Structure formats: C-alpha cells, structure tokens
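A.B. asks: Here you go, one structure.
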Amino acid sequence: SEAKPDDLFKSEMENIVPFIEALAALWEQFNTLDIFAARPELPSLENSLEMLRRGEQLCTDIPAPQSAPSQNLLVEILKLYEQFLPDRAGPVLTLRQEFEQDEDLCGRFVSDLLANDARAIVQFALQRQVPEDLISLLAVHAGRPWRAYCARNLPSELEFTTWLRGNCPVCGHRPSLAHIDSSEGHRTLWC
C-alpha cells in the first residue's frame with residue numbers, strides 16, 4: 001500500500017519530537033551555568049531603543065564563552081545527532097571526537113558563531129569536510145544558550161513589534177521561521 005502524506009507527516013513528527021525534547025532539556029541545563037568568560041554588558045533601555053530605531057542588533061558585544069561549557073554543549077549536541085541523525089554518523093562522530101580532544105577549539109567555534117562569522121564557520125566545515133548544512137545546524141543549536149541568556153537579560157520593557165528587518169533584533173542571526181499574528185498583524189521571528 002502507498003503511504004499517505006498524513007502518515008508520512010506523523011512518522012516524521014514521531015522522530016522529531018523526541019529530538020526537540022532532548023535538545024530543549026540540554027539547553028535548559030545551560031540556563032544555570034556560568035557560560036561567559038565575563039559578564040555581558042547589555043544596553044540600557046534608552047540605548048536599546050535607539051539601537052532598534054537605527055536597525056542595529058542589541059547583543060553585539062557578546063563576550064567570549066567559557067571553553068568548558070562550550071565543549072560540553074557541542075559534545076552533547078553531537079551525541080544527540082548521533083542518536084537522531086544516523087545518516088550523518090560519519091561527520092558527526094569525527095566532529096565529536098575532535099571537540100572532545102580540544103577544549104580551546106570549542107571556545108573558538110562558539111565565539112565565531114556568536115559573532116555571526118559565517119566565513120569562519122564555513123571554513124571550519126571545509127577544512128574538516130563536514131557538510132555545510134550539518135555545521136549550520138550545529139551552529140544554530142550551539143548558539144542558543146548564549147543568545148537566550150542575552151535575550152533574557154535585556155530590559156523587559158522592550159517592544160519588538162516595529163522591528164521590520166529579516167534578522168533577529170537581539171542577536172542578528174537569521175530566524176528559522178517568522179509568524180504573523182492574524183488578529184494583530186504582528187510578526188514574531190523564531191530564531
């Protein structure tokens with residue numbers, strides 16, 4: 001019998017949900033850790049409003065990450081990939097082993113992704129013959145705890161309803177999706 005689109009969707013969701021839950025649990029662990037080498041200096045409400053008016057992202061000066069949490073996060077994400085992306089086993093294992101052996105490399109990798117330095121991330125992937133889509137996925141997943149920390153610590157009075165650019169007003173990264181609220185017309189970037 002031929003599979004129906006709804007059946008294929010259900011099957012994919014059954015595979016995706018456990019991965020998302022495991023990744024969310026991993027991110028949650030990092031909410032309590034000291035992940036920065038120095039405390040980020042985030043803009044005041046007045047400066048934030050001016051930066052948004054000029055179309056600038058708010059978290060531009062993210063300090064260097066601690067190397068040990070960077071290493072831990074990268075290795076744990078790659079272990080999840082090994083479990084949930086078996087078709088990528090070769091490059092995932094290679095990356096995990098390299099990251100397990102070099103804490104400083106992990107800190108540099110996270111620093112590059114927090115700086116939105118796509119050239120450095122692509123160069124890193126090319127040198128190791130890692131598929132670009134895999135390294136991009138890792139960069140997005142690994143950057144989340146640092147970017148979330150910055151977002152949580154911005155002034156709570158900030159409103160992002162007038163932000164019209166295609167990148168995140170907090171970290172400057174491209175969002176995965178955008179949602180337009182049908183009742184109010186507000187757009188929310190999901191990055």
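The chains in the structure tokens are called A, B, ... from first to last as shown; in each chain the residues are counted from 1, and the ligands are counted from 1 in the order shown.
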Write out as a Markdown table the residues of stretch 134-166 of chain A that have any atom within 12 Å of an atom of stretch 105-117 of chain A, one row each with the nearest atom pair and its distance in Å to one decimal, counting only C-alpha atoms, sorted by chain and then rising number.

C.D. replies:
| residue | atom | partner | partner_atom | distance |
| --- | --- | --- | --- | --- |
| A:Ile135 | CA | A:Leu113 | CA | 10.4 |
| A:Ser136 | CA | A:Leu113 | CA | 9.4 |
| A:Leu137 | CA | A:Leu113 | CA | 11.2 |
| A:Leu138 | CA | A:Leu113 | CA | 9.7 |
| A:Ala139 | CA | A:Leu113 | CA | 6.0 |
| A:Val140 | CA | A:Leu113 | CA | 8.0 |
| A:His141 | CA | A:Leu113 | CA | 10.3 |
| A:Ala142 | CA | A:Val110 | CA | 7.2 |
| A:Gly143 | CA | A:Leu114 | CA | 6.3 |
| A:Arg144 | CA | A:Leu114 | CA | 9.2 |
| A:Pro145 | CA | A:Leu114 | CA | 10.5 |
| A:Trp146 | CA | A:Leu114 | CA | 7.8 |
| A:Arg147 | CA | A:Leu114 | CA | 7.7 |
| A:Ala148 | CA | A:Leu114 | CA | 11.4 |
| A:Cys150 | CA | A:Leu114 | CA | 11.1 |

A.B. asks: Next, write the just-selected residues to a file, as a PDB file, in the first residue's frame, keeping N, CA and C atoms as the atom set.

C.D. replies:
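This went into selection_3.pdb:
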ATOM      1  N   ILE A 135      26.978  21.661   9.711  1.00  0.00           N
ATOM      2  CA  ILE A 135      27.687  22.625  10.559  1.00  0.00           C
ATOM      3  C   ILE A 135      26.791  23.826  10.851  1.00  0.00           C
ATOM      4  N   SER A 136      25.927  24.193   9.915  1.00  0.00           N
ATOM      5  CA  SER A 136      24.970  25.282  10.153  1.00  0.00           C
ATOM      6  C   SER A 136      23.970  24.895  11.238  1.00  0.00           C
ATOM      7  N   LEU A 137      23.490  23.668  11.184  1.00  0.00           N
ATOM      8  CA  LEU A 137      22.562  23.181  12.202  1.00  0.00           C
ATOM      9  C   LEU A 137      23.228  23.193  13.573  1.00  0.00           C
ATOM     10  N   LEU A 138      24.463  22.718  13.631  1.00  0.00           N
ATOM     11  CA  LEU A 138      25.203  22.709  14.890  1.00  0.00           C
ATOM     12  C   LEU A 138      25.405  24.138  15.408  1.00  0.00           C
ATOM     13  N   ALA A 139      25.737  25.053  14.529  1.00  0.00           N
ATOM     14  CA  ALA A 139      25.957  26.443  14.950  1.00  0.00           C
ATOM     15  C   ALA A 139      24.679  27.043  15.537  1.00  0.00           C
ATOM     16  N   VAL A 140      23.554  26.786  14.913  1.00  0.00           N
ATOM     17  CA  VAL A 140      22.281  27.311  15.426  1.00  0.00           C
ATOM     18  C   VAL A 140      21.971  26.699  16.788  1.00  0.00           C
ATOM     19  N   HIS A 141      22.101  25.393  16.898  1.00  0.00           N
ATOM     20  CA  HIS A 141      21.786  24.729  18.168  1.00  0.00           C
ATOM     21  C   HIS A 141      22.773  25.114  19.273  1.00  0.00           C
ATOM     22  N   ALA A 142      24.040  25.241  18.937  1.00  0.00           N
ATOM     23  CA  ALA A 142      25.053  25.548  19.949  1.00  0.00           C
ATOM     24  C   ALA A 142      25.001  27.010  20.400  1.00  0.00           C
ATOM     25  N   GLY A 143      24.555  27.917  19.556  1.00  0.00           N
ATOM     26  CA  GLY A 143      24.498  29.330  19.927  1.00  0.00           C
ATOM     27  C   GLY A 143      23.333  29.681  20.828  1.00  0.00           C
ATOM     28  N   ARG A 144      22.361  28.808  20.888  1.00  0.00           N
ATOM     29  CA  ARG A 144      21.124  29.116  21.601  1.00  0.00           C
ATOM     30  C   ARG A 144      21.306  29.517  23.076  1.00  0.00           C
ATOM     31  N   PRO A 145      22.051  28.779  23.896  1.00  0.00           N
ATOM     32  CA  PRO A 145      22.146  29.178  25.317  1.00  0.00           C
ATOM     33  C   PRO A 145      22.737  30.565  25.530  1.00  0.00           C
ATOM     34  N   TRP A 146      23.741  30.930  24.733  1.00  0.00           N
ATOM     35  CA  TRP A 146      24.367  32.251  24.891  1.00  0.00           C
ATOM     36  C   TRP A 146      23.416  33.344  24.432  1.00  0.00           C
ATOM     37  N   ARG A 147      22.785  33.137  23.291  1.00  0.00           N
ATOM     38  CA  ARG A 147      21.850  34.150  22.776  1.00  0.00           C
ATOM     39  C   ARG A 147      20.626  34.269  23.671  1.00  0.00           C
ATOM     40  N   ALA A 148      20.153  33.145  24.188  1.00  0.00           N
ATOM     41  CA  ALA A 148      18.996  33.179  25.095  1.00  0.00           C
ATOM     42  C   ALA A 148      19.344  33.933  26.373  1.00  0.00           C
ATOM     43  N   CYS A 150      21.445  36.397  26.703  1.00  0.00           N
ATOM     44  CA  CYS A 150      21.428  37.829  26.381  1.00  0.00           C
ATOM     45  C   CYS A 150      19.990  38.330  26.232  1.00  0.00           C
TER      46      CYS A 150
END

A.B. asks: List every residue of stretch 32-96 of chain A that DSSP, applied to the backbone, labels as helix (DSSP H, G or I), and write the result as number ranges by chain.

C.D. replies: A: 45-53, 67-84, 86-96

A.B. asks: Give me, as JSON lines, each residue of stretch 17-88 of chain A that comes within 8 Å of stretch 152-163 of chain A, together with its shortest interatomic pair and the distance in Å at one decimal, counting only C-alpha atoms, with rows ordered by chain and rising residue number.

C.D. replies:
{"residue": "A:Leu42", "atom": "CA", "partner": "A:Leu154", "partner_atom": "CA", "distance": 6.5}
{"residue": "A:Pro43", "atom": "CA", "partner": "A:Leu154", "partner_atom": "CA", "distance": 7.3}
{"residue": "A:Ser44", "atom": "CA", "partner": "A:Pro155", "partner_atom": "CA", "distance": 6.8}
{"residue": "A:Leu45", "atom": "CA", "partner": "A:Pro155", "partner_atom": "CA", "distance": 5.6}
{"residue": "A:Ser48", "atom": "CA", "partner": "A:Leu158", "partner_atom": "CA", "distance": 7.8}
{"residue": "A:Leu49", "atom": "CA", "partner": "A:Leu158", "partner_atom": "CA", "distance": 7.4}
{"residue": "A:Leu52", "atom": "CA", "partner": "A:Trp163", "partner_atom": "CA", "distance": 7.3}
{"residue": "A:Gly55", "atom": "CA", "partner": "A:Trp163", "partner_atom": "CA", "distance": 7.7}

A.B. asks: Keeping only N, CA, C and O atoms, take the residues you just selected and write them out as a CSV table (one decimal), in the first residue's frame.

C.D. replies:
chain,number,residue,atom,x,y,z
A,42,LEU,N,25.0,44.5,28.6
A,42,LEU,CA,23.9,44.7,27.7
A,42,LEU,C,23.4,46.1,27.7
A,42,LEU,O,23.5,46.8,28.8
A,43,PRO,N,22.9,46.6,26.6
A,43,PRO,CA,22.5,48.0,26.6
A,43,PRO,C,21.3,48.4,27.5
A,43,PRO,O,20.5,47.5,27.8
A,44,SER,N,21.3,49.6,28.0
A,44,SER,CA,20.2,50.1,28.8
A,44,SER,C,19.0,50.2,27.9
A,44,SER,O,19.0,50.1,26.7
A,45,LEU,N,17.8,50.5,28.6
A,45,LEU,CA,16.6,50.6,27.8
A,45,LEU,C,16.7,51.8,26.8
A,45,LEU,O,16.4,51.6,25.6
A,48,SER,N,19.0,50.7,24.0
A,48,SER,CA,18.3,49.6,23.3
A,48,SER,C,17.3,50.2,22.3
A,48,SER,O,17.3,49.8,21.1
A,49,LEU,N,16.5,51.1,22.8
A,49,LEU,CA,15.5,51.8,21.9
A,49,LEU,C,16.2,52.5,20.7
A,49,LEU,O,15.7,52.4,19.6
A,52,LEU,N,17.5,49.9,18.2
A,52,LEU,CA,16.4,49.3,17.5
A,52,LEU,C,15.9,50.3,16.4
A,52,LEU,O,15.7,49.9,15.3
A,55,GLY,N,18.1,50.2,13.6
A,55,GLY,CA,18.1,48.9,12.9
A,55,GLY,C,19.3,48.0,13.3
A,55,GLY,O,19.7,47.1,12.5

A.B. asks: Can you pull out every residue within 9 Å of A:Leu134, counting only C-alpha atoms, but drop anything in the same chain fewer than 6 positions away, and send it as a list in words?

C.D. replies: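 Once the nearby chain positions are removed, what remains is Arg88, Pro91, Val92 and Ala125 of chain A.
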
A.B. asks: Which of these, A:Leu93, A:Ile62, A:Val122, A:Ala151, has the shortest distance to A:Asn31 once you count only C-alpha atoms?

C.D. replies: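 Among the listed residues, the smallest separation from A:Asn31 belongs to A:Ala151.
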
A.B. asks: For stretch 17-30 of chain A, work out the shell of residues within 10 Å, counting only C-alpha atoms and skipping chain neighbours fewer than 2 positions away, then give it as a VMD selection string.

C.D. replies: chain A and resid 12 to 15 32 to 35 69 72 to 73 76 to 77 80 to 81 83 to 85 141 to 146 148 to 149

A.B. asks: Could you pull the residues within 7 Å of A:Pro169, counting only C-alpha atoms, minus those fewer than 4 positions along the same chain, as number ranges by chain?

C.D. replies: A: 56-58

A.B. asks: Could you work out how far atom CA of A:Ala38 lies from atom CA of A:Arg53, giving the answer in Å with one decimal?

C.D. replies: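 According to the coordinates, atom CA of A:Arg53 and atom CA of A:Ala38 are separated by 27.8 Å.
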
A.B. asks: Quick one: pick out all strand (DSSP E or B) residues within chain A from a backbone DSSP run and write them as a PyMOL selection string.

C.D. replies: chain A and resi 36+65+177-180+187-190

A.B. asks: Do a neighbour search on A:Val75 at 8 Å with only C-alpha atoms, toss out local chain neighbours closer than 3 positions, and write the hits as a list in words.

C.D. replies: Gln71, Asn72, Leu78, Lys79, Arg96, Phe99 and Glu100 of chain A
